[in-house]
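Raw final28.cif, mmCIF, C-alpha atoms:
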data_work
#
loop_
_atom_site.label_atom_id
_atom_site.label_comp_id
_atom_site.auth_asym_id
_atom_site.auth_seq_id
_atom_site.Cartn_x
_atom_site.Cartn_y
_atom_site.Cartn_z
CA MET P 27 10.86 -80.85 -10.27
CA MET P 28 13.09 -81.28 -7.18
CA LYS P 29 14.60 -84.67 -6.57
CA PHE P 30 14.48 -86.11 -3.04
CA ASP P 31 18.01 -87.39 -3.04
CA ARG P 32 20.31 -87.25 0.03
CA ARG P 33 22.02 -84.02 -1.00
CA ASN P 34 18.71 -82.11 -1.28
CA VAL P 35 17.46 -83.47 2.01
CA LEU P 36 20.65 -82.22 3.67
CA LYS P 37 20.29 -78.77 2.09
CA GLY P 38 16.68 -78.60 3.24
CA SER P 39 17.63 -79.49 6.80
CA VAL P 40 20.27 -76.74 6.99
CA ALA P 41 17.83 -74.15 5.62
CA ALA P 42 15.11 -75.22 8.05
CA PHE P 43 17.55 -74.93 10.95
CA ALA P 44 18.60 -71.45 9.87
CA VAL P 45 14.98 -70.21 9.61
CA THR P 46 14.10 -71.68 12.99
CA ALA P 47 17.14 -70.15 14.64
CA PHE P 48 16.42 -66.70 13.14
CA THR P 49 12.71 -66.61 13.96
CA SER P 50 13.37 -67.84 17.51
CA ILE P 51 15.54 -64.75 18.10
CA LEU P 52 12.98 -62.26 16.72
CA PRO P 53 10.59 -62.07 19.71
CA TYR P 54 13.47 -60.81 21.84
CA GLN P 55 14.91 -58.40 19.31
CA THR P 56 13.66 -54.86 18.84
CA VAL P 57 13.98 -53.70 15.27
CA ALA P 58 14.19 -49.91 15.17
CA LYS P 59 12.35 -48.66 12.12
CA ALA P 60 13.08 -44.98 11.66
CA ARG P 61 10.39 -42.70 10.31
CA THR P 62 11.19 -41.55 6.79
CA PRO P 63 12.25 -37.89 7.08
CA LYS P 64 10.02 -35.42 5.31
CA ASN P 65 11.21 -32.65 3.03
CA HIS P 66 9.41 -29.38 3.77
CA ILE P 67 9.42 -26.80 0.98
CA ILE P 68 9.55 -23.11 1.87
CA GLU P 69 9.20 -20.70 -1.02
CA ILE P 70 10.63 -17.20 -0.82
CA GLN P 71 8.37 -14.89 -2.76
CA ASP P 72 7.49 -11.20 -2.58
CA PHE P 73 9.88 -10.78 0.33
CA ASP P 74 8.15 -13.40 2.48
CA PHE P 75 8.90 -16.95 3.55
CA ASP P 76 5.94 -19.13 2.60
CA PRO P 77 4.91 -20.78 4.86
CA VAL P 78 6.15 -18.40 7.52
CA SER P 79 5.90 -21.16 10.13
CA VAL P 80 6.56 -24.83 9.53
CA ASN P 81 6.25 -27.85 11.84
CA VAL P 82 9.04 -30.37 11.54
CA GLN P 83 10.34 -33.41 13.34
CA PRO P 84 14.05 -33.75 14.08
CA GLY P 85 15.79 -35.21 11.07
CA ASP P 86 13.37 -33.67 8.58
CA MET P 87 14.75 -31.69 5.67
CA ILE P 88 13.80 -28.13 4.81
CA THR P 89 14.29 -26.79 1.30
CA TRP P 90 14.16 -23.06 0.66
CA ILE P 91 13.51 -21.99 -2.93
CA ASN P 92 13.91 -18.34 -3.96
CA ARG P 93 11.24 -17.19 -6.42
CA ASP P 94 12.13 -13.49 -6.12
CA ILE P 95 14.38 -11.53 -8.43
CA ALA P 96 16.23 -10.21 -5.37
CA PRO P 97 18.69 -12.61 -3.75
CA HIS P 98 17.76 -13.83 -0.27
CA THR P 99 19.06 -16.05 2.51
CA ALA P 100 17.49 -18.12 5.27
CA THR P 101 19.77 -17.51 8.23
CA ALA P 102 19.34 -18.61 11.85
CA SER P 103 18.63 -15.64 14.12
CA ASP P 104 21.89 -16.43 15.94
CA LYS P 105 23.58 -17.09 12.57
CA SER P 106 24.35 -20.71 13.57
CA TRP P 107 23.10 -21.99 10.22
CA ASP P 108 22.65 -20.32 6.85
CA THR P 109 21.53 -21.28 3.37
CA GLY P 110 23.98 -18.82 1.85
CA THR P 111 22.90 -16.52 -0.96
CA LEU P 112 19.99 -17.87 -2.97
CA LYS P 113 19.57 -16.18 -6.32
CA ARG P 114 16.31 -16.45 -8.24
CA GLY P 115 15.43 -20.09 -8.84
CA GLN P 116 18.13 -21.42 -6.54
CA SER P 117 17.40 -23.67 -3.58
CA LYS P 118 19.16 -25.08 -0.55
CA THR P 119 18.21 -28.01 1.66
CA ILE P 120 19.17 -28.25 5.32
CA LYS P 121 18.58 -31.19 7.65
CA PHE P 122 16.87 -29.85 10.76
CA MET P 123 17.92 -31.29 14.11
CA ASN P 124 16.53 -30.82 17.60
CA ASN P 125 19.27 -28.54 18.85
CA MET P 126 19.16 -26.10 15.95
CA THR P 127 17.99 -22.50 16.29
CA ASN P 128 14.43 -22.43 15.06
CA THR P 129 13.94 -18.77 14.18
CA TYR P 130 15.48 -17.32 11.07
CA PHE P 131 15.56 -14.27 8.81
CA CYS P 132 16.96 -13.01 5.52
CA ARG P 133 20.40 -11.44 6.06
CA PHE P 134 19.82 -9.06 3.16
CA HIS P 135 16.30 -8.02 4.14
CA PRO P 136 16.17 -8.36 7.94
CA HIS P 137 12.44 -7.62 8.17
CA MET P 138 11.84 -11.04 6.57
CA LYS P 139 11.43 -13.39 9.52
CA ALA P 140 10.04 -16.90 9.98
CA GLN P 141 10.14 -19.86 12.32
CA ILE P 142 10.43 -23.61 12.48
CA THR P 143 8.51 -25.49 15.16
CA ILE P 144 9.74 -28.87 16.34
CA VAL P 145 6.68 -31.02 16.91
CA GLY P 146 8.26 -34.05 18.55
CA GLU P 147 10.84 -36.78 18.48
CA PRO P 148 10.77 -39.12 15.53
CA LYS P 149 8.62 -42.17 16.30
CA ILE P 150 10.35 -45.55 16.51
CA SER P 151 8.16 -48.53 15.71
CA LYS P 152 8.90 -51.96 17.13
CA SER P 153 8.36 -55.04 15.05
CA LYS P 154 6.32 -57.88 16.44
CA GLY P 155 7.95 -61.21 17.12
CA MET N 30 -5.32 10.69 -11.17
CA LYS N 31 -4.06 13.52 -13.35
CA ILE N 32 -3.27 15.62 -10.27
CA LYS N 33 -1.42 12.71 -8.70
CA TYR N 34 0.57 12.14 -11.86
CA THR N 35 1.42 15.86 -12.15
CA LEU N 36 2.66 15.81 -8.57
CA ILE N 37 4.87 12.83 -9.33
CA VAL N 38 6.37 14.52 -12.37
CA LEU N 39 6.88 17.72 -10.35
CA GLY N 40 8.43 15.70 -7.54
CA LEU N 41 10.84 13.96 -9.88
CA ALA N 42 11.60 17.25 -11.64
CA THR N 43 12.47 18.77 -8.27
CA LEU N 44 14.59 15.80 -7.43
CA ILE N 45 16.50 16.05 -10.68
CA GLY N 46 16.82 19.81 -10.37
CA HIS N 47 14.76 20.94 -13.35
CA GLY N 48 11.40 22.59 -13.82
CA PRO N 49 8.65 20.83 -15.73
CA ALA N 50 9.54 22.61 -18.98
CA TYR N 51 10.00 19.45 -21.05
CA ALA N 52 8.02 18.82 -24.19
CA GLU N 53 8.23 15.11 -23.37
CA THR N 54 6.76 13.53 -20.27
CA PRO N 55 7.51 10.15 -18.65
CA ALA N 56 4.11 8.88 -19.78
CA GLU N 57 5.07 9.46 -23.40
CA LEU N 58 8.13 7.23 -23.26
CA ASN N 59 7.96 3.95 -25.15
CA ASP N 60 8.81 0.57 -23.59
CA LEU N 61 12.45 0.71 -24.66
CA GLN N 62 12.89 4.22 -23.29
CA ILE N 63 11.22 3.20 -20.04
CA ALA N 64 13.59 0.22 -19.83
CA HIS N 65 16.52 2.62 -20.29
CA VAL N 66 15.26 4.87 -17.47
CA ALA N 67 14.88 1.89 -15.15
CA TYR N 68 18.32 0.52 -16.01
CA THR N 69 19.82 3.98 -15.47
CA ALA N 70 17.98 4.46 -12.18
CA ASP N 71 19.23 1.06 -10.97
CA ASN N 72 22.81 1.90 -11.87
CA ILE N 73 22.59 5.29 -10.15
CA ASP N 74 21.52 3.64 -6.91
CA ILE N 75 24.39 1.17 -7.28
CA ARG N 76 26.76 4.15 -7.62
CA TYR N 77 25.33 5.74 -4.46
CA ALA N 78 25.83 2.43 -2.68
CA HIS N 79 29.47 2.16 -3.75
CA LEU N 80 30.02 5.67 -2.44
CA ALA N 81 28.46 4.66 0.88
CA LEU N 82 30.74 1.62 1.10
CA ALA N 83 33.74 3.85 0.45
CA ILE N 84 32.82 6.47 3.06
CA SER N 85 30.49 5.15 5.75
CA LYS N 86 31.65 3.28 8.81
CA SER N 87 28.11 2.51 9.96
CA GLU N 88 27.29 -1.19 9.77
CA ALA N 89 23.63 -0.44 9.06
CA ILE N 90 24.48 1.89 6.18
CA ARG N 91 27.01 -0.53 4.75
CA ASP N 92 24.57 -3.45 4.97
CA PHE N 93 21.91 -1.37 3.23
CA ALA N 94 24.40 -0.34 0.53
CA ASP N 95 25.37 -3.99 -0.03
CA THR N 96 21.69 -4.86 -0.41
CA MET N 97 21.17 -2.04 -2.91
CA ILE N 98 24.06 -3.31 -5.03
CA ARG N 99 22.85 -6.92 -4.83
CA ASP N 100 19.17 -6.24 -5.54
CA HIS N 101 19.58 -3.60 -8.25
CA THR N 102 22.20 -5.74 -9.98
CA ALA N 103 19.76 -8.67 -9.92
CA VAL N 104 16.97 -6.54 -11.41
CA ASN N 105 19.29 -5.22 -14.12
CA GLU N 106 20.38 -8.76 -14.99
CA GLN N 107 16.74 -9.76 -15.41
CA ALA N 108 16.05 -6.66 -17.50
CA LEU N 109 19.01 -7.32 -19.79
CA ALA N 110 18.02 -10.97 -20.14
CA LEU N 111 14.49 -9.94 -21.11
CA LEU N 112 15.71 -7.34 -23.60
CA GLY N 113 18.02 -9.97 -25.06
CA LYS N 114 15.12 -12.37 -25.40
CA LEU N 115 13.04 -9.66 -27.07
CA LYS N 116 16.04 -8.75 -29.26
CA ALA N 117 15.61 -5.13 -28.21
CA GLN N 118 17.97 -2.37 -27.13
CA PRO N 119 17.05 0.18 -24.46
CA GLN N 120 16.76 3.70 -25.84
CA ASP N 121 18.37 6.72 -24.20
CA ASN N 122 16.00 9.60 -23.53
CA PHE N 123 15.53 12.93 -21.71
CA LEU N 124 14.64 11.34 -18.39
CA SER N 125 17.66 9.04 -18.27
CA LYS N 126 19.91 11.98 -19.07
CA SER N 127 18.33 14.11 -16.33
CA LEU N 128 18.64 11.34 -13.76
CA LEU N 129 22.32 10.91 -14.58
CA LYS N 130 23.00 14.64 -14.43
CA ASN N 131 21.38 14.92 -11.03
CA ALA N 132 23.22 11.84 -9.75
CA ASP N 133 26.56 13.39 -10.68
CA VAL N 134 25.70 16.50 -8.64
CA LEU N 135 24.56 14.43 -5.66
CA ILE N 136 27.59 12.15 -5.71
CA ASP N 137 29.84 15.21 -5.81
CA GLU N 138 27.97 16.68 -2.83
CA MET N 139 27.88 13.48 -0.78
CA SER N 140 31.52 12.60 -1.41
CA LYS N 141 32.54 15.69 0.58
CA LEU N 142 30.66 14.52 3.68
CA ARG N 143 31.96 12.27 6.44
CA GLY N 144 30.65 10.44 9.49
CA VAL N 145 27.05 10.92 10.57
CA ALA N 146 26.62 13.82 8.12
CA PHE N 147 27.25 11.43 5.24
CA ASP N 148 25.11 8.64 6.71
CA LYS N 149 22.15 11.00 7.15
CA ARG N 150 22.48 12.47 3.66
CA TYR N 151 22.82 9.04 2.10
CA ALA N 152 19.81 7.64 3.98
CA GLU N 153 17.67 10.69 3.20
CA ASN N 154 18.61 10.54 -0.45
CA GLU N 155 17.83 6.83 -0.62
CA LEU N 156 14.38 7.50 0.79
CA ALA N 157 13.69 10.43 -1.53
CA TYR N 158 15.12 8.62 -4.55
CA HIS N 159 13.13 5.43 -4.02
CA LYS N 160 9.96 7.41 -3.32
CA ALA N 161 10.32 9.41 -6.52
CA VAL N 162 11.29 6.49 -8.75
CA ASN N 163 8.63 4.20 -7.24
CA GLY N 164 5.96 6.83 -7.86
CA LEU N 165 7.12 7.16 -11.42
CA VAL N 166 7.21 3.41 -12.01
CA GLU N 167 3.83 2.78 -10.41
CA ASN N 168 1.88 5.69 -11.85
CA ALA N 169 3.57 6.65 -15.10
CA PHE N 170 5.47 3.60 -16.37
CA ILE N 171 3.49 0.48 -15.47
CA PRO N 172 0.14 1.79 -16.81
CA ASN N 173 1.81 2.71 -20.13
CA ILE N 174 4.07 -0.28 -20.76
CA GLU N 175 2.73 -2.26 -23.72
CA ASN N 176 4.76 -5.46 -23.60
CA SER N 177 3.35 -7.83 -20.98
CA GLU N 178 6.73 -9.34 -20.04
CA VAL N 179 8.29 -5.90 -19.57
CA LYS N 180 5.27 -4.83 -17.52
CA SER N 181 5.57 -7.95 -15.37
CA LEU N 182 9.27 -7.26 -14.73
CA PHE N 183 8.46 -3.69 -13.66
CA GLN N 184 5.75 -4.96 -11.31
CA ALA N 185 8.24 -7.35 -9.72
CA GLY N 186 10.86 -4.60 -9.55
CA LEU N 187 8.42 -2.21 -7.91
CA LYS N 188 7.83 -4.70 -5.07
CA ILE N 189 11.58 -4.81 -4.43
CA PHE N 190 11.98 -1.03 -4.55
CA LYS N 191 9.07 -0.49 -2.17
CA VAL N 192 10.86 -2.74 0.32
CA HIS N 193 13.98 -0.60 -0.17
CA GLN N 194 11.91 2.53 0.42
CA GLY N 195 10.60 1.09 3.70
CA HIS N 196 14.12 0.10 4.71
CA ALA N 197 15.43 3.61 3.90
CA GLN N 198 12.57 5.12 5.90
CA MET N 199 13.68 3.11 8.96
CA MET N 200 17.30 4.20 8.47
CA VAL N 201 16.31 7.86 8.30
CA LYS N 202 14.24 7.47 11.46
CA LYS N 203 17.12 5.87 13.34
CA LEU N 204 19.58 8.54 12.26
CA ASN N 205 17.38 11.44 13.36
#
Go ahead and express the file in the form of structure tokens.
Amino acid sequence: MMKFDRRNVLKGSVAAFAVTAFTSILPYQTVAKARTPKNHIIEIQDFDFDPVSVNVQPGDMITWINRDIAPHTATASDKSWDTGTLKRGQSKTIKFMNNMTNTYFCRFHPHMKAQITIVGEPKISKSKG
Amino acid sequence: MKIKYTLIVLGLATLIGHGPAYAETPAELNDLQIAHVAYTADNIDIRYAHLALAISKSEAIRDFADTMIRDHTAVNEQALALLGKLKAQPQDNFLSKSLLKNADVLIDEMSKLRGVAFDKRYAENELAYHKAVNGLVENAFIPNIENSEVKSLFQAGLKIFKVHQGHAQMMVKKLN
């Protein structure tokens, strides 16, 4: 049980002041709460990217996993980004940003093509004061 | 089905430069002999690809050759891993020997060519070779393979080689 001596009363007063000061600032402060980035999985199987089209928001991650025996890559159509060679069972994750080329192919099997669609800016929620 | 199979055997026999005078047929090969044929066929295409890389200056041909080396090496690695798991050794046979003999003749012929003449011959051979081997794998090997894991590997390999066949078809079209 807490004793109501002078020292505890002083401690309580300081704590109360701190809480009041902090909460009084809150209504005027915007707290940016970033959306948790998603990780989208794209499987490479039977010489296809599956899914062949994926919707992402900037900042999301995309992971390509090669299920084929043949090695593959996921390479931007202008070669600005590249997973590198993915042997069977290997994977590579790339963070996808707004300014990145959104069509890609396999460098080894150029008929394999797919696309990434950017569906919007990440939402920022504001906390209530 | 029998007619189709006979045509495939005749086609392969033509490709390898022999008449159909063998007592054995591809359909009579056991799983380990079939594995040997496939491993041999993979290595032959890798040899063709190395020749292309040594001679051709065409980016398209060189890219295709790189892909042949990469993909056939990957298939062979899977095949060897599976044979290791099954504690089995591939068995040499008449078809592997014939494929190798024909490959030696073709490599000798192609190594004398240069420029577009080489590129065309290489692309045409890749198309013919993949067509013949794919027909053999699909119609003679896969239906007769007994081990389910070996069969599954051949089915996966066939998908890859059909893509190669399509790619070779496009190369031939562009070069003509």
With distances taken over only C-alpha atoms, the candidate from N:Asp148, N:Asp71, N:Glu57, N:Asp95 nearest chain P is N:Asp95
If you take all atoms listed in the file and a cut-off of 10 Å, which residues of chain N touch chain P, and what are their nearest atom pairs and distances in Å to one decimal, in chain and number order, as a Markdown table?
| residue | atom | partner | partner_atom | distance |
| --- | --- | --- | --- | --- |
| N:Asp92 | CA | P:Phe134 | CA | 7.6 |
| N:Phe93 | CA | P:Phe134 | CA | 8.0 |
| N:Asp95 | CA | P:Phe134 | CA | 8.2 |
| N:Thr96 | CA | P:Phe134 | CA | 5.8 |
| N:Met97 | CA | P:Phe134 | CA | 9.4 |
| N:Arg99 | CA | P:Pro97 | CA | 7.1 |
| N:Asp100 | CA | P:Ala96 | CA | 4.9 |
| N:His101 | CA | P:Ala96 | CA | 8.0 |
| N:Thr102 | CA | P:Ala96 | CA | 8.8 |
| N:Ala103 | CA | P:Ala96 | CA | 6.0 |
| N:Val104 | CA | P:Ile95 | CA | 6.4 |
| N:Asn105 | CA | P:Ile95 | CA | 9.8 |
| N:Glu106 | CA | P:Ile95 | CA | 9.3 |
| N:Gln107 | CA | P:Ile95 | CA | 7.6 |
| N:Leu182 | CA | P:Ile95 | CA | 9.2 |
| N:Ala185 | CA | P:Ile95 | CA | 7.5 |
| N:Gly186 | CA | P:Ile95 | CA | 7.9 |
| N:Lys188 | CA | P:Asp72 | CA | 7.0 |
| N:Ile189 | CA | P:Ala96 | CA | 7.2 |
| N:Val192 | CA | P:Phe73 | CA | 8.1 |
| N:His193 | CA | P:His135 | CA | 8.9 |
| N:Gly195 | CA | P:His137 | CA | 10.0 |
| N:His196 | CA | P:His135 | CA | 8.4 |
Just want the 12 Å neighbourhood of Phe131 (chain P), counted on only C-alpha atoms, with same-chain residues fewer than 3 positions away dropped. Output as a PyMOL selection string.
chain P and resi 70+73-75+78-79+98-110+127-128+134-142
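For the file shown, the residue list from the PyMOL selection byres ((chain N and resi 126) around 12) reads Ile45, His47, Gln62, His65, Val66, Ala67, Tyr68, Thr69, Ala70, Ile73, Gln120, Asp121, Asn122, Phe123, Leu124, Ser125, Ser127, Leu128, Leu129, Lys130, Asn131, Ala132 and Asp133 of chain N.
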For the file shown, report as an MDAnalysis selection string the outcome of the PyMOL selection byres ((chain P and resi 84) around 7) at residue level.
chainID P and resid 82:83 85:86 122:124 144 147:148
For the structure provided, state which residues fall under the PyMOL selection byres ((chain N and resi 151) around 9), and present them as a PyMOL selection string.
chain N and resi 77-78+81+90+139+146-150+152-156
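Across P:Arg61, P:Pro77, P:Cys132, P:His66, the tightest approach to Ile120 (chain P) is made by P:His66 when counting only C-alpha atoms.
The space separating CA of Asn65 (chain P) from CA of Thr119 (chain P) comes to 8.5 Å.
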